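Text of work-v8.cif (mmCIF, C-alpha atoms (C1' of nucleotides)) as supplied:
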```cif
data_coords
#
loop_
_atom_site.label_atom_id
_atom_site.label_comp_id
_atom_site.auth_asym_id
_atom_site.auth_seq_id
_atom_site.Cartn_x
_atom_site.Cartn_y
_atom_site.Cartn_z
CA MET A 26 21.39 -9.95 -19.67
CA GLY A 27 20.25 -13.48 -19.01
CA LYS A 28 18.67 -14.85 -15.91
CA ASP A 29 20.79 -14.71 -12.78
CA PRO A 30 19.77 -17.09 -9.96
CA LYS A 31 21.41 -14.87 -7.34
CA VAL A 32 19.36 -11.89 -8.46
CA GLU A 33 16.22 -14.01 -8.45
CA ARG A 34 16.89 -14.97 -4.85
CA LYS A 35 17.54 -11.37 -3.89
CA LEU A 36 14.23 -10.18 -5.31
CA LYS A 37 12.50 -13.07 -3.61
CA LYS A 38 14.10 -12.09 -0.33
CA ILE A 39 13.07 -8.47 -0.67
CA TYR A 40 9.53 -9.56 -1.48
CA GLY A 41 9.47 -11.89 1.52
CA LEU A 42 10.80 -9.34 4.00
CA LEU A 43 8.37 -6.67 2.87
CA GLU A 44 5.42 -9.04 2.88
CA LYS A 45 6.26 -10.06 6.43
CA GLU A 46 6.30 -6.38 7.36
CA PHE A 47 3.17 -5.22 5.55
CA GLY A 48 1.12 -8.34 4.84
CA ASP A 49 -1.31 -8.48 1.94
CA LEU A 50 -1.91 -4.92 0.82
CA GLY A 51 -4.79 -5.78 -1.50
CA TRP A 52 -3.95 -3.40 -4.31
CA TRP A 53 -5.63 -1.92 -6.31
CA PRO A 54 -8.49 -0.74 -4.06
CA ALA A 55 -11.48 -0.34 -6.41
CA GLU A 56 -14.98 -1.62 -7.06
CA SER A 57 -14.52 -2.03 -10.80
CA GLY A 58 -11.93 -2.28 -13.51
CA PHE A 59 -12.88 1.11 -14.83
CA GLU A 60 -12.39 2.61 -11.40
CA VAL A 61 -8.82 1.32 -11.55
CA ILE A 62 -8.32 2.94 -14.94
CA ALA A 63 -9.67 6.28 -13.75
CA GLY A 64 -7.57 6.06 -10.61
CA ALA A 65 -4.45 5.33 -12.65
CA VAL A 66 -4.88 8.59 -14.53
CA LEU A 67 -5.91 10.61 -11.50
CA THR A 68 -2.95 9.50 -9.41
CA GLN A 69 -0.38 10.77 -11.87
CA ASN A 70 2.05 12.81 -9.78
CA THR A 71 -0.59 13.02 -7.06
CA SER A 72 -1.05 11.50 -3.61
CA TRP A 73 -3.64 8.75 -3.38
CA LYS A 74 -5.62 10.49 -0.67
CA ASN A 75 -6.52 13.30 -3.04
CA VAL A 76 -7.40 10.80 -5.75
CA GLU A 77 -9.88 9.10 -3.44
CA LYS A 78 -11.75 12.35 -3.00
CA ALA A 79 -12.04 12.74 -6.76
CA ILE A 80 -13.24 9.14 -7.18
CA LYS A 81 -15.84 9.65 -4.48
CA ALA A 82 -17.03 12.81 -6.18
CA LEU A 83 -17.41 10.92 -9.45
CA LYS A 84 -19.33 8.14 -7.73
CA ARG A 85 -21.59 10.58 -5.91
CA ASP A 86 -22.36 12.13 -9.23
CA GLY A 87 -23.03 8.74 -10.80
CA SER A 88 -20.34 9.51 -13.36
CA LEU A 89 -17.73 6.83 -12.82
CA GLY A 90 -18.34 5.02 -16.08
CA VAL A 91 -17.07 5.01 -19.64
CA ASN A 92 -20.14 6.52 -21.26
CA GLU A 93 -20.74 9.01 -18.47
CA ILE A 94 -17.24 10.42 -18.83
CA ILE A 95 -17.37 10.48 -22.61
CA SER A 96 -20.62 12.39 -22.69
CA MET A 97 -19.91 14.78 -19.82
CA ARG A 98 -18.80 18.32 -20.58
CA ALA A 99 -15.11 18.85 -19.84
CA PRO A 100 -15.54 21.77 -17.42
CA ARG A 101 -17.95 19.74 -15.31
CA LEU A 102 -15.67 16.70 -15.24
CA SER A 103 -12.82 19.01 -14.41
CA ARG A 104 -14.66 20.34 -11.35
CA LEU A 105 -15.50 16.87 -10.09
CA ILE A 106 -11.86 15.77 -10.09
CA ARG A 107 -10.45 19.06 -8.89
CA SER A 108 -9.01 17.59 -5.69
CA ALA A 109 -6.65 15.35 -7.65
CA GLY A 110 -4.83 18.31 -9.16
CA TYR A 111 -4.00 19.03 -12.82
CA HIS A 112 -7.75 18.83 -13.24
CA ARG A 113 -8.05 20.24 -16.74
CA VAL A 114 -5.34 17.97 -18.09
CA LYS A 115 -6.70 14.95 -16.30
CA ALA A 116 -10.26 15.62 -17.47
CA ARG A 117 -8.97 15.42 -21.03
CA ARG A 118 -6.97 12.29 -20.27
CA LEU A 119 -9.95 10.58 -18.65
CA LYS A 120 -11.98 11.32 -21.75
CA ASN A 121 -9.21 9.97 -23.97
CA ILE A 122 -8.87 6.65 -22.14
CA SER A 123 -12.65 6.31 -21.86
CA ARG A 124 -12.96 6.78 -25.60
CA PHE A 125 -10.29 4.15 -26.07
CA VAL A 126 -12.12 1.65 -23.85
CA ALA A 127 -15.41 2.33 -25.61
CA ASP A 128 -13.84 1.90 -29.04
CA GLU A 129 -11.85 -1.21 -28.19
CA CYS A 130 -14.38 -3.23 -26.21
CA GLY A 131 -17.59 -1.24 -25.84
CA GLY A 132 -16.83 -0.79 -22.17
CA ARG A 133 -16.59 -4.51 -21.44
CA LEU A 134 -13.11 -4.95 -19.98
CA GLY A 135 -13.43 -8.71 -20.11
CA LYS A 136 -12.96 -8.48 -23.87
CA LEU A 137 -9.77 -6.50 -23.45
CA LYS A 138 -8.35 -9.12 -21.09
CA LYS A 139 -8.37 -11.65 -23.90
CA ARG A 140 -6.07 -9.59 -26.07
CA ASP A 141 -2.32 -9.93 -26.47
CA VAL A 142 -0.50 -8.01 -23.75
CA GLY A 143 2.21 -6.56 -25.96
CA ARG A 144 -0.10 -5.15 -28.59
CA LEU A 145 -2.53 -3.92 -25.96
CA ARG A 146 0.30 -2.05 -24.26
CA GLU A 147 1.32 -0.45 -27.54
CA ALA A 148 -2.26 0.63 -28.14
CA LEU A 149 -2.57 2.12 -24.65
CA LEU A 150 0.64 4.10 -25.15
CA GLU A 151 -0.91 5.64 -28.25
CA VAL A 152 -3.59 7.25 -26.10
CA ASN A 153 -2.67 10.82 -25.22
CA GLY A 154 -2.13 10.96 -21.48
CA ILE A 155 -1.19 7.31 -21.04
CA GLY A 156 2.51 6.79 -20.50
CA PRO A 157 4.37 3.60 -19.52
CA GLU A 158 3.52 3.62 -15.83
CA THR A 159 -0.16 4.38 -16.32
CA ALA A 160 -0.42 1.81 -19.12
CA ASP A 161 1.19 -0.87 -16.98
CA SER A 162 -0.97 0.00 -13.98
CA ILE A 163 -4.02 -0.52 -16.16
CA LEU A 164 -2.68 -3.77 -17.62
CA LEU A 165 -1.79 -5.22 -14.24
CA TYR A 166 -4.49 -3.95 -11.90
CA ALA A 167 -7.47 -3.53 -14.21
CA LEU A 168 -6.80 -6.33 -16.70
CA ASP A 169 -4.79 -8.82 -14.61
CA LYS A 170 -1.94 -8.95 -17.09
CA PRO A 171 1.41 -10.09 -15.64
CA VAL A 172 3.41 -6.88 -16.13
CA PHE A 173 5.47 -5.08 -13.51
CA VAL A 174 4.77 -1.43 -12.77
CA VAL A 175 7.90 0.68 -12.34
CA ASP A 176 7.64 3.88 -10.35
CA ALA A 177 10.06 6.38 -8.83
CA TYR A 178 10.06 4.53 -5.51
CA THR A 179 10.88 1.22 -7.14
CA ARG A 180 13.82 2.66 -9.03
CA ARG A 181 15.16 4.34 -5.92
CA ILE A 182 14.98 1.15 -3.88
CA PHE A 183 16.47 -1.01 -6.62
CA ALA A 184 19.28 1.46 -7.22
CA ARG A 185 20.04 1.63 -3.51
CA HIS A 186 20.34 -2.14 -3.40
CA GLY A 187 22.58 -2.25 -6.44
CA LEU A 188 20.03 -3.97 -8.64
CA ASN A 189 20.11 -1.34 -11.36
CA PRO A 190 21.77 2.02 -11.94
CA GLU A 191 19.92 5.15 -10.88
CA SER A 192 19.76 6.11 -14.54
CA ALA A 193 18.10 2.90 -15.80
CA ALA A 194 15.25 3.53 -18.22
CA TYR A 195 11.69 2.48 -17.42
CA ASP A 196 11.64 -0.46 -19.79
CA GLU A 197 15.02 -1.71 -18.56
CA VAL A 198 13.88 -1.89 -14.95
CA GLN A 199 10.71 -3.61 -16.05
CA ALA A 200 12.57 -6.17 -18.19
CA PHE A 201 14.89 -6.82 -15.27
CA VAL A 202 11.97 -7.74 -13.02
CA HIS A 203 10.27 -9.77 -15.73
CA GLU A 204 13.43 -11.84 -16.03
CA HIS A 205 14.05 -12.39 -12.36
CA PHE A 206 10.64 -12.49 -10.73
CA PRO A 207 7.69 -14.91 -11.20
CA CYS A 208 5.45 -14.01 -14.15
CA ASP A 209 2.34 -13.99 -11.97
CA ALA A 210 -0.12 -11.11 -11.89
CA ALA A 211 -1.03 -11.55 -8.22
CA LYS A 212 2.61 -11.56 -7.12
CA LEU A 213 3.50 -8.63 -9.38
CA LYS A 214 0.64 -6.61 -7.92
CA GLN A 215 1.74 -7.32 -4.40
CA PHE A 216 5.41 -6.66 -5.19
CA HIS A 217 4.75 -3.22 -6.61
CA ALA A 218 2.42 -2.38 -3.74
CA LEU A 219 4.99 -3.52 -1.18
CA LEU A 220 7.74 -1.42 -2.75
CA VAL A 221 5.58 1.70 -2.73
CA GLU A 222 4.51 1.07 0.85
CA ALA A 223 8.08 0.46 1.98
CA ALA A 224 9.35 3.59 0.29
CA LYS A 225 6.61 5.71 1.82
CA ALA A 226 7.25 4.28 5.27
CA PHE A 227 11.03 4.20 5.33
CA CYS A 228 12.64 5.99 2.43
CA LYS A 229 11.45 9.55 2.65
CA LYS A 230 15.00 10.75 2.54
CA LYS A 231 16.60 10.73 -0.87
CA ARG A 232 19.65 8.84 0.28
CA GLY A 233 20.53 6.13 2.74
CA HIS A 234 18.56 3.52 4.60
CA CYS A 235 16.18 4.19 7.41
CA GLY A 236 17.03 2.22 10.55
CA ARG A 237 13.66 0.48 10.76
CA CYS A 238 13.45 -0.54 7.12
CA PRO A 239 13.25 -4.35 6.87
CA LEU A 240 15.58 -4.17 3.86
CA LYS A 241 18.35 -2.32 5.63
CA ASN A 242 20.66 -5.33 5.71
CA THR A 243 20.08 -6.60 2.19
"C1'" DC B 20 8.33 29.18 3.03
"C1'" DA B 21 9.75 24.94 0.18
"C1'" DC B 22 8.78 20.43 -1.29
"C1'" DC B 23 6.49 16.26 -2.57
"C1'" DA B 24 2.62 13.12 -4.36
"C1'" DG B 25 1.53 5.73 -6.97
"C1'" DG B 26 3.39 11.16 -14.56
"C1'" DC B 27 2.85 12.78 -19.18
"C1'" DA B 28 3.43 15.74 -23.25
"C1'" DA B 29 5.62 19.17 -25.75
"C1'" DG B 30 9.36 21.95 -26.49
"C1'" DT B 31 14.39 22.84 -26.67
"C1'" DA B 32 19.49 21.90 -27.40
"C1'" DT C 24 19.19 11.59 -27.32
"C1'" DA C 25 18.76 14.10 -22.86
"C1'" DC C 26 17.15 17.67 -20.20
"C1'" DT C 27 13.32 21.36 -19.08
"C1'" DT C 28 8.72 23.15 -18.29
"C1'" DG C 29 3.59 23.31 -17.77
"C1'" DC C 30 -0.02 21.23 -15.65
"C1'" DA C 31 -2.81 22.42 -10.07
"C1'" DT C 32 -4.03 20.84 -5.67
"C1'" DG C 33 -3.44 19.58 -0.79
"C1'" DG C 34 -0.64 18.09 2.86
"C1'" DT C 35 3.68 18.45 5.78
#
```

As structure tokens:
Amino acid sequence: MGKDPKVERKLKKIYGLLEKEFGDLGWWPAESGFEVIAGAVLTQNTSWKNVEKAIKALKRDGSLGVNEIISMRAPRLSRLIRSAGYHRVKARRLKNISRFVADECGGRLGKLKKRDVGRLREALLEVNGIGPETADSILLYALDKPVFVVDAYTRRIFARHGLNPESAAYDEVQAFVHEHFPCDAAKLKQFHALLVEAAKAFCKKKRGHCGRCPLKNT
DNA sequence: CACCAGGCAAGTA
DNA sequence: TACTTGCATGGT
């Protein structure tokens, strides 16, 4: 599948319509790169509102840092993030990714940013608890790498607009966007954010377009 | 009451 | 390879 100018224009149009509707969403909301990483794990299959509570609890406790999480006892970490659900699993995953960050760059994310995106992605996927979406969220929002994050909303919207089949695999959807959308971290961040926001606002139903969705005629 | 939320891993067929 | 299930909470 080579580049298709018509598809490029269609993605551009979707981006434009959604940006006009929602403006600059300013994703990812966080005070540090590590906060993005923690949030990426905590938000797995979980609403963002409940993740915020967990992040606040970590901050209140002075524990939102690589070394703090590594050295904290699992049951205590588990209690702090309870509101985000799956707390025992996520406590383990937070420790895993924190250990990875400590090992790879001593906690200095700036060093990670210099590394090759492809190999960094492979390394992240080796960490237990980090799948494709979480890895790409970290790469894009914490490390400013130009990779597109595919989520359930994105696939639903793309499928509904005939851009890819409902059954398309994660990497296929991602490659599709990489081919037909600017390779620019800022734009990729905004695009993903816009798609999530649009889906939440207009596409609660599994099928069909909502009448007020700005994409209804595209 | 059912169902979903900014998933992933491990097990089964 | 392609499903299925466990993981847990909070909101609608």

task: Would you kindly return, as a ChimeraX atom specification, each protein, DNA or RNA residue with an atom no farther than 12 Å from any atom of DG29 in chain C, considering all atoms listed in the file and excluding same-chain residues fewer than 5 positions away?
output: /A:111,114 /B:27-30

query: Which residues, written as a ChimeraX atom specification, have at least one atom at most 12 Å from Glu56 in chain A, with only C-alpha atoms (C1' of nucleotides) counted and residues fewer than 3 positions away on the same chain left out?
result: /A:52-53,59-64,80-81,84,89-90,166-167

message: Residues of chain C within 7 Å of chain A, counting all atoms listed in the file, what are they? List them as a count of residues only.
response: 3

Write out, as CSV, each residue of chain B that has an atom at most 7 Å from chain A, together with the closest pair of atoms and their distance in Å to one decimal, counting all atoms listed in the file, rows going by chain and rising number.
```
residue,atom,partner,partner_atom,distance
B:DA24,C1',A:Ser72,CA,4.1
B:DG25,C1',A:Thr68,CA,6.3
B:DG26,C1',A:Gln69,CA,4.6
B:DC27,C1',A:Gly154,CA,5.8
```

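One distance worth recording is that between C1' of DC22 in chain B and CA of Ile163 in chain A, which is 28.7 Å.
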
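The interatomic distance for the pair CA of Asn92 in chain A and CA of Val172 in chain A works out to 27.6 Å.
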
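Distance-wise, CA of Leu219 in chain A and CA of Leu43 in chain A end up 6.1 Å apart.
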
Expected answer as a PyMOL selection string: all residues with atoms within 12 Å of (6.9, 24.0, -0.6), all atoms listed in the file: (chain B and resi 20-23) or (chain C and resi 33-35)

Residues matched by the PyMOL selection byres ((chain A and resi 204) around 9) as an MDAnalysis selection string: chainID A and resid 26:29 33 199:203 205:208

task: Using all atoms listed in the file, determine which residues lie at most 12 Å from DT31 in chain B, disregarding the query and same-chain residues fewer than 2 positions distant; provide the list as a VMD selection string.
output: (chain B and resid 29) or (chain C and resid 25 to 28)

field: Nearest to Ala224 in chain A, chosen from A:Arg140, A:Lys45, A:Arg181, A:Arg34, with all atoms listed in the file counted in the distances
entry: A:Arg181
